[in-house]
$ cat entry_38.pdb   # PDB, C-alpha atoms, pLDDT in the B column
ATOM      1  CA  GLN A   1       4.156 -47.143  24.718  1.00 94.00           C
ATOM      2  CA  VAL A   2       4.690 -44.085  26.862  1.00 96.00           C
ATOM      3  CA  GLN A   3       7.137 -41.619  25.324  1.00 97.00           C
ATOM      4  CA  LEU A   4       8.314 -38.139  26.213  1.00 98.00           C
ATOM      5  CA  VAL A   5      10.163 -36.470  23.337  1.00 98.00           C
ATOM      6  CA  GLN A   6      11.930 -33.194  23.985  1.00 98.00           C
ATOM      7  CA  SER A   7      13.095 -30.456  21.658  1.00 97.00           C
ATOM      8  CA  GLY A   8      16.695 -30.221  20.484  1.00 97.00           C
ATOM      9  CA  SER A   9      19.752 -28.549  21.948  1.00 98.00           C
ATOM     10  CA  GLU A  10      19.845 -24.778  22.244  1.00 98.00           C
ATOM     11  CA  LEU A  11      22.730 -22.308  22.287  1.00 98.00           C
ATOM     12  CA  LYS A  12      21.739 -18.926  23.701  1.00 98.00           C
ATOM     13  CA  LYS A  13      23.467 -15.729  24.711  1.00 97.00           C
ATOM     14  CA  PRO A  14      23.175 -14.368  28.237  1.00 97.00           C
ATOM     15  CA  GLY A  15      19.979 -12.381  28.663  1.00 97.00           C
ATOM     16  CA  ALA A  16      18.080 -14.305  25.978  1.00 98.00           C
ATOM     17  CA  SER A  17      15.152 -16.647  26.525  1.00 98.00           C
ATOM     18  CA  VAL A  18      14.629 -20.295  25.663  1.00 98.00           C
ATOM     19  CA  LYS A  19      11.564 -22.529  25.478  1.00 98.00           C
ATOM     20  CA  VAL A  20      12.031 -26.285  25.836  1.00 98.00           C
ATOM     21  CA  SER A  21       9.201 -28.590  24.789  1.00 98.00           C
ATOM     22  CA  CYS A  22       8.221 -32.050  25.987  1.00 98.00           C
ATOM     23  CA  LYS A  23       5.737 -33.914  23.783  1.00 98.00           C
ATOM     24  CA  ALA A  24       3.945 -36.856  25.374  1.00 98.00           C
ATOM     25  CA  SER A  25       2.498 -39.865  23.600  1.00 97.00           C
ATOM     26  CA  GLY A  26       1.244 -43.344  24.406  1.00 97.00           C
ATOM     27  CA  TYR A  27      -1.049 -42.274  27.239  1.00 97.00           C
ATOM     28  CA  THR A  28      -3.734 -39.725  28.079  1.00 97.00           C
ATOM     29  CA  PHE A  29      -1.770 -36.497  28.552  1.00 97.00           C
ATOM     30  CA  THR A  30      -3.928 -35.256  31.413  1.00 96.00           C
ATOM     31  CA  SER A  31      -3.458 -38.439  33.455  1.00 95.00           C
ATOM     32  CA  TYR A  32      -0.076 -37.494  34.897  1.00 96.00           C
ATOM     33  CA  ALA A  33       1.666 -34.323  35.972  1.00 96.00           C
ATOM     34  CA  ILE A  34       4.804 -33.237  34.141  1.00 97.00           C
ATOM     35  CA  ASN A  35       7.880 -32.658  36.274  1.00 97.00           C
ATOM     36  CA  TRP A  36      10.987 -30.766  35.216  1.00 98.00           C
ATOM     37  CA  VAL A  37      14.498 -31.729  36.350  1.00 98.00           C
ATOM     38  CA  ARG A  38      17.846 -30.243  35.370  1.00 97.00           C
ATOM     39  CA  GLN A  39      21.418 -31.436  35.503  1.00 97.00           C
ATOM     40  CA  ALA A  40      24.268 -28.963  35.250  1.00 96.00           C
ATOM     41  CA  PRO A  41      27.495 -30.305  33.684  1.00 94.00           C
ATOM     42  CA  GLY A  42      29.203 -32.708  36.076  1.00 89.00           C
ATOM     43  CA  HIS A  43      26.529 -32.265  38.726  1.00 92.00           C
ATOM     44  CA  GLY A  44      23.606 -34.175  40.169  1.00 94.00           C
ATOM     45  CA  LEU A  45      19.934 -33.840  39.377  1.00 96.00           C
ATOM     46  CA  GLU A  46      17.870 -30.894  40.573  1.00 97.00           C
ATOM     47  CA  TRP A  47      14.073 -30.940  40.698  1.00 97.00           C
ATOM     48  CA  LEU A  48      12.600 -27.724  39.306  1.00 97.00           C
ATOM     49  CA  GLY A  49       8.915 -28.393  39.954  1.00 97.00           C
ATOM     50  CA  TRP A  50       5.827 -29.742  38.239  1.00 97.00           C
ATOM     51  CA  ILE A  51       2.712 -28.727  36.363  1.00 97.00           C
ATOM     52  CA  HIS A  52      -0.751 -30.223  36.822  1.00 96.00           C
ATOM     53  CA  THR A  53      -1.828 -31.288  33.354  1.00 96.00           C
ATOM     54  CA  ASN A  54      -5.550 -30.999  34.147  1.00 94.00           C
ATOM     55  CA  THR A  55      -5.548 -27.509  35.610  1.00 95.00           C
ATOM     56  CA  GLY A  56      -2.297 -26.119  34.228  1.00 95.00           C
ATOM     57  CA  ASN A  57      -1.350 -25.084  37.763  1.00 96.00           C
ATOM     58  CA  PRO A  58       2.451 -24.979  38.166  1.00 96.00           C
ATOM     59  CA  THR A  59       4.413 -25.608  41.345  1.00 96.00           C
ATOM     60  CA  TYR A  60       8.001 -24.370  41.419  1.00 96.00           C
ATOM     61  CA  ALA A  61      10.817 -25.610  43.614  1.00 95.00           C
ATOM     62  CA  GLN A  62      11.655 -23.370  46.527  1.00 91.00           C
ATOM     63  CA  GLY A  63      14.284 -20.860  45.514  1.00 86.00           C
ATOM     64  CA  LEU A  64      13.589 -21.144  41.809  1.00 88.00           C
ATOM     65  CA  THR A  65      13.366 -17.647  40.439  1.00 81.00           C
ATOM     66  CA  GLY A  66      10.503 -16.200  38.432  1.00 91.00           C
ATOM     67  CA  ARG A  67      12.638 -16.612  35.322  1.00 96.00           C
ATOM     68  CA  PHE A  68      11.340 -20.190  35.025  1.00 97.00           C
ATOM     69  CA  VAL A  69       7.806 -20.762  33.712  1.00 97.00           C
ATOM     70  CA  PHE A  70       5.984 -24.048  33.101  1.00 98.00           C
ATOM     71  CA  SER A  71       3.129 -24.184  30.620  1.00 97.00           C
ATOM     72  CA  LEU A  72       1.035 -26.620  28.591  1.00 97.00           C
ATOM     73  CA  ASP A  73      -0.661 -27.028  25.259  1.00 97.00           C
ATOM     74  CA  THR A  74      -3.018 -29.928  25.903  1.00 96.00           C
ATOM     75  CA  SER A  75      -4.229 -29.875  22.286  1.00 96.00           C
ATOM     76  CA  VAL A  76      -0.839 -31.255  21.234  1.00 97.00           C
ATOM     77  CA  SER A  77      -0.012 -33.107  24.488  1.00 97.00           C
ATOM     78  CA  THR A  78       3.010 -30.903  25.065  1.00 98.00           C
ATOM     79  CA  ALA A  79       4.540 -29.280  28.129  1.00 98.00           C
ATOM     80  CA  TYR A  80       6.920 -26.346  27.980  1.00 98.00           C
ATOM     81  CA  LEU A  81       9.669 -24.909  30.158  1.00 98.00           C
ATOM     82  CA  GLN A  82      10.557 -21.311  29.401  1.00 98.00           C
ATOM     83  CA  ILE A  83      13.587 -19.660  30.958  1.00 98.00           C
ATOM     84  CA  SER A  84      14.083 -15.925  30.540  1.00 97.00           C
ATOM     85  CA  SER A  85      17.073 -13.644  31.198  1.00 97.00           C
ATOM     86  CA  LEU A  86      19.385 -16.603  30.742  1.00 97.00           C
ATOM     87  CA  LYS A  87      22.612 -16.758  32.753  1.00 96.00           C
ATOM     88  CA  ALA A  88      25.706 -18.886  32.279  1.00 97.00           C
ATOM     89  CA  GLU A  89      24.719 -20.925  35.345  1.00 95.00           C
ATOM     90  CA  ASP A  90      21.510 -22.009  33.562  1.00 97.00           C
ATOM     91  CA  THR A  91      23.674 -24.164  31.296  1.00 98.00           C
ATOM     92  CA  ALA A  92      22.373 -27.666  31.900  1.00 98.00           C
ATOM     93  CA  VAL A  93      20.470 -30.600  30.472  1.00 98.00           C
ATOM     94  CA  TYR A  94      16.764 -30.160  31.176  1.00 98.00           C
ATOM     95  CA  PHE A  95      14.552 -33.243  31.501  1.00 98.00           C
ATOM     96  CA  CYS A  96      10.808 -33.701  31.694  1.00 98.00           C
ATOM     97  CA  ALA A  97       9.528 -36.704  33.631  1.00 98.00           C
ATOM     98  CA  ILE A  98       6.269 -38.281  34.762  1.00 97.00           C
ATOM     99  CA  GLU A  99       5.277 -40.670  37.549  1.00 94.00           C
ATOM    100  CA  THR A 100       2.834 -43.400  36.465  1.00 92.00           C
ATOM    101  CA  LEU A 101       3.592 -45.977  39.184  1.00 88.00           C
ATOM    102  CA  VAL A 102       3.427 -43.876  42.305  1.00 88.00           C
ATOM    103  CA  ASN A 103       3.702 -40.195  43.127  1.00 87.00           C
ATOM    104  CA  TRP A 104       7.139 -38.628  43.345  1.00 91.00           C
ATOM    105  CA  ASN A 105       8.909 -41.573  41.696  1.00 92.00           C
ATOM    106  CA  PHE A 106       9.643 -40.745  38.058  1.00 95.00           C
ATOM    107  CA  ASP A 107       9.386 -43.779  35.799  1.00 94.00           C
ATOM    108  CA  TYR A 108       9.335 -42.103  32.388  1.00 97.00           C
ATOM    109  CA  TRP A 109      11.769 -39.421  31.274  1.00 98.00           C
ATOM    110  CA  GLY A 110      12.350 -37.357  28.176  1.00 98.00           C
ATOM    111  CA  GLN A 111      15.718 -37.700  26.496  1.00 98.00           C
ATOM    112  CA  GLY A 112      16.882 -34.344  27.805  1.00 98.00           C
ATOM    113  CA  THR A 113      17.536 -30.969  26.174  1.00 98.00           C
ATOM    114  CA  LEU A 114      20.935 -29.336  26.491  1.00 98.00           C
ATOM    115  CA  VAL A 115      20.687 -25.589  26.966  1.00 98.00           C
ATOM    116  CA  THR A 116      24.033 -23.829  26.671  1.00 98.00           C
ATOM    117  CA  VAL A 117      24.295 -20.178  27.668  1.00 98.00           C
ATOM    118  CA  SER A 118      27.437 -18.543  26.356  1.00 96.00           C
ATOM    119  CA  SER A 119      28.459 -15.250  24.883  1.00 94.00           C
TER     120      SER A 119
ATOM    121  CA  GLN B   1      16.023 -27.890  50.825  1.00 67.00           C
ATOM    122  CA  SER B   2      19.577 -29.284  50.882  1.00 79.00           C
ATOM    123  CA  ALA B   3      20.526 -32.113  48.572  1.00 90.00           C
ATOM    124  CA  LEU B   4      20.676 -35.628  49.956  1.00 96.00           C
ATOM    125  CA  THR B   5      24.187 -36.845  50.695  1.00 97.00           C
ATOM    126  CA  GLN B   6      25.697 -39.630  48.601  1.00 97.00           C
ATOM    127  CA  PRO B   7      29.311 -40.757  48.259  1.00 97.00           C
ATOM    128  CA  ALA B   8      30.876 -39.288  45.140  1.00 96.00           C
ATOM    129  CA  SER B   9      32.150 -42.661  43.981  1.00 97.00           C
ATOM    130  CA  VAL B  10      32.152 -46.353  44.787  1.00 98.00           C
ATOM    131  CA  SER B  11      33.819 -49.268  43.081  1.00 97.00           C
ATOM    132  CA  GLY B  12      33.717 -53.033  43.066  1.00 96.00           C
ATOM    133  CA  SER B  13      34.857 -56.044  41.115  1.00 97.00           C
ATOM    134  CA  PRO B  14      32.585 -58.204  38.971  1.00 97.00           C
ATOM    135  CA  GLY B  15      30.539 -60.569  41.110  1.00 97.00           C
ATOM    136  CA  GLN B  16      30.902 -58.505  44.269  1.00 97.00           C
ATOM    137  CA  SER B  17      28.179 -56.553  46.051  1.00 97.00           C
ATOM    138  CA  ILE B  18      28.273 -52.825  46.690  1.00 97.00           C
ATOM    139  CA  THR B  19      26.053 -50.498  48.674  1.00 98.00           C
ATOM    140  CA  ILE B  20      25.444 -46.824  48.012  1.00 98.00           C
ATOM    141  CA  SER B  21      24.128 -44.750  50.889  1.00 98.00           C
ATOM    142  CA  CYS B  22      21.868 -41.717  50.691  1.00 98.00           C
ATOM    143  CA  THR B  23      21.506 -39.610  53.815  1.00 97.00           C
ATOM    144  CA  GLY B  24      18.765 -37.077  54.354  1.00 97.00           C
ATOM    145  CA  THR B  25      16.849 -35.678  57.300  1.00 95.00           C
ATOM    146  CA  THR B  26      13.646 -36.149  59.240  1.00 93.00           C
ATOM    147  CA  SER B  27      12.020 -33.824  56.697  1.00 94.00           C
ATOM    148  CA  ASP B  28      12.572 -36.182  53.790  1.00 95.00           C
ATOM    149  CA  ILE B  29      13.910 -39.748  53.923  1.00 96.00           C
ATOM    150  CA  GLY B  30      13.224 -40.070  57.624  1.00 95.00           C
ATOM    151  CA  ASP B  31       9.561 -39.211  57.301  1.00 94.00           C
ATOM    152  CA  TYR B  32       8.484 -40.622  53.935  1.00 94.00           C
ATOM    153  CA  ASN B  33       8.742 -43.847  51.976  1.00 94.00           C
ATOM    154  CA  PHE B  34       8.770 -41.966  48.669  1.00 94.00           C
ATOM    155  CA  VAL B  35      12.441 -42.777  48.175  1.00 96.00           C
ATOM    156  CA  SER B  36      13.628 -43.701  44.714  1.00 97.00           C
ATOM    157  CA  TRP B  37      16.857 -44.612  42.972  1.00 98.00           C
ATOM    158  CA  TYR B  38      17.851 -43.869  39.392  1.00 98.00           C
ATOM    159  CA  GLN B  39      20.559 -45.298  37.169  1.00 98.00           C
ATOM    160  CA  GLN B  40      22.039 -42.915  34.604  1.00 97.00           C
ATOM    161  CA  LEU B  41      24.318 -44.069  31.806  1.00 96.00           C
ATOM    162  CA  PRO B  42      26.578 -41.447  30.176  1.00 92.00           C
ATOM    163  CA  GLY B  43      24.609 -39.072  27.975  1.00 92.00           C
ATOM    164  CA  LYS B  44      21.299 -40.739  28.814  1.00 96.00           C
ATOM    165  CA  ALA B  45      18.240 -39.891  30.848  1.00 97.00           C
ATOM    166  CA  PRO B  46      17.910 -41.348  34.338  1.00 97.00           C
ATOM    167  CA  ARG B  47      16.130 -44.700  34.640  1.00 98.00           C
ATOM    168  CA  LEU B  48      14.020 -45.590  37.682  1.00 97.00           C
ATOM    169  CA  ILE B  49      15.370 -48.757  39.319  1.00 98.00           C
ATOM    170  CA  ILE B  50      13.863 -48.590  42.832  1.00 97.00           C
ATOM    171  CA  TYR B  51      10.716 -46.806  44.019  1.00 96.00           C
ATOM    172  CA  GLU B  52       9.063 -46.433  47.413  1.00 96.00           C
ATOM    173  CA  VAL B  53      12.307 -47.553  49.085  1.00 96.00           C
ATOM    174  CA  ILE B  54      12.194 -51.243  48.164  1.00 97.00           C
ATOM    175  CA  TYR B  55      10.162 -51.867  44.994  1.00 97.00           C
ATOM    176  CA  ARG B  56      11.554 -52.598  41.541  1.00 97.00           C
ATOM    177  CA  PRO B  57       9.725 -51.542  38.379  1.00 95.00           C
ATOM    178  CA  SER B  58       8.952 -54.265  35.904  1.00 94.00           C
ATOM    179  CA  GLY B  59      12.030 -55.268  33.944  1.00 95.00           C
ATOM    180  CA  VAL B  60      14.599 -54.190  36.532  1.00 97.00           C
ATOM    181  CA  THR B  61      16.917 -56.969  37.627  1.00 96.00           C
ATOM    182  CA  ASP B  62      16.558 -58.327  41.154  1.00 96.00           C
ATOM    183  CA  ARG B  63      20.282 -57.706  41.648  1.00 98.00           C
ATOM    184  CA  PHE B  64      19.176 -54.199  42.632  1.00 98.00           C
ATOM    185  CA  SER B  65      17.626 -53.833  46.070  1.00 98.00           C
ATOM    186  CA  GLY B  66      16.736 -50.902  48.291  1.00 98.00           C
ATOM    187  CA  SER B  67      16.344 -50.345  51.988  1.00 97.00           C
ATOM    188  CA  LYS B  68      15.975 -47.574  54.544  1.00 97.00           C
ATOM    189  CA  SER B  69      16.940 -47.035  58.160  1.00 96.00           C
ATOM    190  CA  GLY B  70      16.138 -43.765  59.851  1.00 96.00           C
ATOM    191  CA  ASN B  71      17.263 -40.894  57.668  1.00 97.00           C
ATOM    192  CA  THR B  72      19.431 -43.052  55.398  1.00 98.00           C
ATOM    193  CA  ALA B  73      18.394 -45.027  52.339  1.00 98.00           C
ATOM    194  CA  SER B  74      20.632 -47.546  50.652  1.00 98.00           C
ATOM    195  CA  LEU B  75      20.923 -49.158  47.239  1.00 98.00           C
ATOM    196  CA  THR B  76      22.641 -52.532  47.047  1.00 98.00           C
ATOM    197  CA  ILE B  77      23.810 -54.046  43.799  1.00 98.00           C
ATOM    198  CA  SER B  78      24.709 -57.711  44.048  1.00 97.00           C
ATOM    199  CA  GLY B  79      26.610 -59.808  41.535  1.00 97.00           C
ATOM    200  CA  LEU B  80      28.193 -56.696  40.071  1.00 97.00           C
ATOM    201  CA  GLN B  81      28.433 -56.665  36.269  1.00 97.00           C
ATOM    202  CA  ALA B  82      30.303 -54.415  33.871  1.00 96.00           C
ATOM    203  CA  GLU B  83      26.981 -53.073  32.568  1.00 96.00           C
ATOM    204  CA  ASP B  84      26.210 -51.695  36.052  1.00 97.00           C
ATOM    205  CA  GLU B  85      28.871 -49.024  35.627  1.00 97.00           C
ATOM    206  CA  ALA B  86      26.881 -45.793  35.725  1.00 97.00           C
ATOM    207  CA  ASP B  87      25.886 -42.871  37.914  1.00 97.00           C
ATOM    208  CA  TYR B  88      23.273 -43.582  40.597  1.00 98.00           C
ATOM    209  CA  HIS B  89      21.002 -40.916  42.058  1.00 98.00           C
ATOM    210  CA  CYS B  90      18.698 -41.136  45.054  1.00 98.00           C
ATOM    211  CA  ALA B  91      15.646 -38.942  45.562  1.00 97.00           C
ATOM    212  CA  SER B  92      13.037 -38.344  48.226  1.00 97.00           C
ATOM    213  CA  TYR B  93       9.768 -36.532  48.670  1.00 96.00           C
ATOM    214  CA  THR B  94      10.016 -33.803  51.319  1.00 95.00           C
ATOM    215  CA  SER B  95       7.826 -32.104  53.893  1.00 94.00           C
ATOM    216  CA  SER B  96       7.825 -29.046  51.634  1.00 92.00           C
ATOM    217  CA  ALA B  97       5.864 -31.015  49.021  1.00 93.00           C
ATOM    218  CA  SER B  98       8.923 -31.096  46.811  1.00 95.00           C
ATOM    219  CA  VAL B  99      11.505 -33.605  45.626  1.00 96.00           C
ATOM    220  CA  VAL B 100      15.153 -33.526  46.595  1.00 97.00           C
ATOM    221  CA  PHE B 101      17.880 -35.497  44.830  1.00 97.00           C
ATOM    222  CA  GLY B 102      21.278 -36.632  46.019  1.00 97.00           C
ATOM    223  CA  GLY B 103      24.479 -35.433  44.383  1.00 96.00           C
ATOM    224  CA  GLY B 104      24.905 -38.724  42.533  1.00 96.00           C
ATOM    225  CA  THR B 105      27.384 -41.582  42.927  1.00 97.00           C
ATOM    226  CA  LYS B 106      29.660 -42.823  40.173  1.00 97.00           C
ATOM    227  CA  LEU B 107      29.964 -46.609  40.232  1.00 97.00           C
ATOM    228  CA  THR B 108      33.105 -48.066  38.700  1.00 97.00           C
ATOM    229  CA  VAL B 109      33.294 -51.790  37.976  1.00 96.00           C
ATOM    230  CA  LEU B 110      36.954 -52.725  38.246  1.00 92.00           C
TER     231      LEU B 110
END
$ encode --input "entry_38.pdb" --output "structure tokens"
Amino acid sequence: QVQLVQSGSELKKPGASVKVSCKASGYTFTSYAINWVRQAPGHGLEWLGWIHTNTGNPTYAQGLTGRFVFSLDTSVSTAYLQISSLKAEDTAVYFCAIETLVNWNFDYWGQGTLVTVSS
Amino acid sequence: QSALTQPASVSGSPGQSITISCTGTTSDIGDYNFVSWYQQLPGKAPRLIIYEVIYRPSGVTDRFSGSKSGNTASLTISGLQAEDEADYHCASYTSSASVVFGGGTKLTVL
């Protein structure tokens, strides 16, 4: 069965970096793009962008700063989200998600990774 | 791209029907049928319950139904049950080749 398993919670200080992983299983990794979505505490969902798993080409949401970088390691069927120069407002749960039914409708999600930025 | 507009909260009694609206623009909901709805239980990942406006993934109860008129999509839950208490999020593809979500609606079953 399709599974997306993310790395565990992270506590970081402002200015540090974090790398969240999303390991896929149960399907051919290069069949579907990986999307990234975040949810700040008490807020709605925010789409951050996606990465093409065949080419590794990332697409970032408009307004997302260069501090966010999507990457892949296809040898281990894993996608990564790296955030640098962390700020308190980056505190959120970060999800990876894929669309297997139809584009832009996310039917499989990782369990989420809580990133807390606090001094 | 501004977030889609959803009511912050709705409530209903068991057995009743409720509808959650999701208002966008001609650049998203109004121009595309890539509208989806997600149910999110506390501390859990979102779960797709409606895709392409009206379709239900396998395993999703037919008490959930979706529709769209103009720039507004709607999710209707009929025969409300206690287990339906959750947050509901709408989403749409946009003319900027991106995805925009709504702010989420908290459903309380009285």
$ resolve_selection --input "entry_38.pdb" --expression "the ChimeraX specification (/B :<10) & /A" --output "PyMOL selection string"
chain A and resi 37+42-50+59-63+93-97+101-112
$ axis_aligned_box --input "entry_38.pdb" --around "segment 23-31 of chain A" --padding-each-side "5 Å" --output "AutoDock Vina command-line options"
--center_x 0.9 --center_y -38.6 --center_z 28.5 --size_x 19.7 --size_y 19.4 --size_z 19.9
$ closest_residue --input "entry_38.pdb" --among "B:Gly30, B:Ala8, B:Ile54, B:Leu107" --to "Gln81 of chain B" --atoms "all atoms listed in the file"
B:Leu107
$ atom_distance --input "entry_38.pdb" --atom1 "atom CA of Ala82 of chain B" --atom2 "atom CA of Gly15 of chain B"
9.5 Å
$ atom_distance --input "entry_38.pdb" --atom1 "atom CA of Thr91 of chain A" --atom2 "atom CA of Thr78 of chain A"
22.6 Å
$ residues_around --input "entry_38.pdb" --residues "segment 62-66 of chain B" --least-positions-apart "2" --cutoff "7 Å" --atoms "all atoms listed in the file" --output "list in words"
Ile50, Val53, Ile54, Val60, Ser74, Leu75, Thr76, Ile77, Ser78 and Gly79 of chain B
$ closest_residue --input "entry_38.pdb" --among "A:Thr30, A:Ser84, A:Thr65, A:Asn35" --to "Glu99 of chain A" --atoms "all atoms listed in the file"
A:Asn35
$ residues_around --input "entry_38.pdb" --residues "Leu11 of chain A" --least-positions-apart "2" --cutoff "12 Å" --atoms "only C-alpha atoms" --output "ChimeraX atom specification"
/A:8-9,13-14,16-20,86-88,90-93,113-119
$ atom_distance --input "entry_38.pdb" --atom1 "atom CA of Glu89 of chain A" --atom2 "atom CA of Leu4 of chain B"
21.1 Å
$ closest_residue --input "entry_38.pdb" --among "A:Ile98, A:Leu64, A:Ala24, A:Ala40" --to "Ile83 of chain A" --atoms "only C-alpha atoms"
A:Leu64
$ closest_residue --input "entry_38.pdb" --among "B:Pro42, B:Asn71, B:Ala86, B:Asp31" --to "Pro41 of chain A" --atoms "all atoms listed in the file"
B:Pro42
$ closest_residue --input "entry_38.pdb" --among "A:Gln39, A:Ser21, A:Thr28, A:Ser75" --to "Gln1 of chain A" --atoms "only C-alpha atoms"
A:Thr28
$ closest_residue --input "entry_38.pdb" --among "B:Ser13, B:Gln40, B:Ser21, B:Thr108" --to "Ser67 of chain B" --atoms "all atoms listed in the file"
B:Ser21
$ residues_near_point --input "entry_38.pdb" --point "(21.9, -35.7, 53.7)" --cutoff "7 Å" --atoms "all atoms listed in the file" --output "list of chain:residue names"
B:Ala3, B:Leu4, B:Thr5, B:Cys22, B:Thr23, B:Gly24, B:Thr25
$ decode --input "entry_38.pdb" --residues "segment 48-65 of chain B" --atoms "N, CA, C and O atoms" --output "mmCIF file, in the first residue's frame"
data_model
loop_
_atom_site.group_PDB
_atom_site.id
_atom_site.type_symbol
_atom_site.label_atom_id
_atom_site.label_comp_id
_atom_site.auth_asym_id
_atom_site.auth_seq_id
_atom_site.Cartn_x
_atom_site.Cartn_y
_atom_site.Cartn_z
ATOM 1 N N LEU B 48 -8.340 13.147 1.888
ATOM 2 C CA LEU B 48 -9.133 13.559 0.729
ATOM 3 C C LEU B 48 -10.514 12.917 0.784
ATOM 4 O O LEU B 48 -10.625 11.681 0.859
ATOM 5 N N ILE B 49 -11.574 13.723 0.737
ATOM 6 C CA ILE B 49 -12.927 13.186 0.759
ATOM 7 C C ILE B 49 -13.720 13.536 -0.506
ATOM 8 O O ILE B 49 -14.689 12.845 -0.832
ATOM 9 N N ILE B 50 -13.333 14.576 -1.208
ATOM 10 C CA ILE B 50 -13.965 14.943 -2.478
ATOM 11 C C ILE B 50 -12.868 15.442 -3.412
ATOM 12 O O ILE B 50 -12.005 16.227 -3.002
ATOM 13 N N TYR B 51 -12.887 14.993 -4.665
ATOM 14 C CA TYR B 51 -11.949 15.521 -5.656
ATOM 15 C C TYR B 51 -12.696 15.887 -6.933
ATOM 16 O O TYR B 51 -13.782 15.374 -7.187
ATOM 17 N N GLU B 52 -12.088 16.761 -7.695
ATOM 18 C CA GLU B 52 -12.712 17.269 -8.936
ATOM 19 C C GLU B 52 -14.175 17.642 -8.678
ATOM 20 O O GLU B 52 -15.075 17.244 -9.441
ATOM 21 N N VAL B 53 -14.386 18.397 -7.653
ATOM 22 C CA VAL B 53 -15.680 19.011 -7.285
ATOM 23 C C VAL B 53 -16.677 18.023 -6.697
ATOM 24 O O VAL B 53 -17.279 18.293 -5.645
ATOM 25 N N ILE B 54 -16.892 16.879 -7.371
ATOM 26 C CA ILE B 54 -18.029 16.029 -7.013
ATOM 27 C C ILE B 54 -17.690 14.575 -6.725
ATOM 28 O O ILE B 54 -18.556 13.821 -6.281
ATOM 29 N N TYR B 55 -16.464 14.141 -6.971
ATOM 30 C CA TYR B 55 -16.133 12.719 -6.891
ATOM 31 C C TYR B 55 -15.605 12.326 -5.511
ATOM 32 O O TYR B 55 -14.862 13.081 -4.875
ATOM 33 N N ARG B 56 -15.994 11.134 -5.074
ATOM 34 C CA ARG B 56 -15.516 10.596 -3.807
ATOM 35 C C ARG B 56 -14.500 9.499 -4.051
ATOM 36 O O ARG B 56 -14.755 8.582 -4.828
ATOM 37 N N PRO B 57 -13.353 9.559 -3.355
ATOM 38 C CA PRO B 57 -12.404 8.440 -3.449
ATOM 39 C C PRO B 57 -13.041 7.168 -2.888
ATOM 40 O O PRO B 57 -13.978 7.229 -2.091
ATOM 41 N N SER B 58 -12.500 6.055 -3.299
ATOM 42 C CA SER B 58 -12.970 4.783 -2.785
ATOM 43 C C SER B 58 -12.888 4.752 -1.262
ATOM 44 O O SER B 58 -11.898 5.195 -0.670
ATOM 45 N N GLY B 59 -13.965 4.286 -0.634
ATOM 46 C CA GLY B 59 -13.968 4.166 0.812
ATOM 47 C C GLY B 59 -14.555 5.354 1.550
ATOM 48 O O GLY B 59 -14.743 5.289 2.773
ATOM 49 N N VAL B 60 -14.829 6.434 0.849
ATOM 50 C CA VAL B 60 -15.432 7.612 1.483
ATOM 51 C C VAL B 60 -16.955 7.474 1.417
ATOM 52 O O VAL B 60 -17.520 7.205 0.360
ATOM 53 N N THR B 61 -17.587 7.703 2.541
ATOM 54 C CA THR B 61 -19.034 7.539 2.632
ATOM 55 C C THR B 61 -19.778 8.474 1.683
ATOM 56 O O THR B 61 -19.336 9.608 1.436
ATOM 57 N N ASP B 62 -20.915 7.978 1.173
ATOM 58 C CA ASP B 62 -21.705 8.822 0.261
ATOM 59 C C ASP B 62 -22.512 9.879 1.015
ATOM 60 O O ASP B 62 -23.293 10.616 0.410
ATOM 61 N N ARG B 63 -22.319 9.984 2.312
ATOM 62 C CA ARG B 63 -22.927 11.102 3.055
ATOM 63 C C ARG B 63 -22.205 12.415 2.748
ATOM 64 O O ARG B 63 -22.722 13.491 3.041
ATOM 65 N N PHE B 64 -21.012 12.309 2.167
ATOM 66 C CA PHE B 64 -20.277 13.496 1.741
ATOM 67 C C PHE B 64 -20.562 13.740 0.261
ATOM 68 O O PHE B 64 -20.442 12.832 -0.564
ATOM 69 N N SER B 65 -20.907 14.976 -0.069
ATOM 70 C CA SER B 65 -21.106 15.312 -1.479
ATOM 71 C C SER B 65 -20.587 16.718 -1.741
ATOM 72 O O SER B 65 -20.565 17.569 -0.843
#
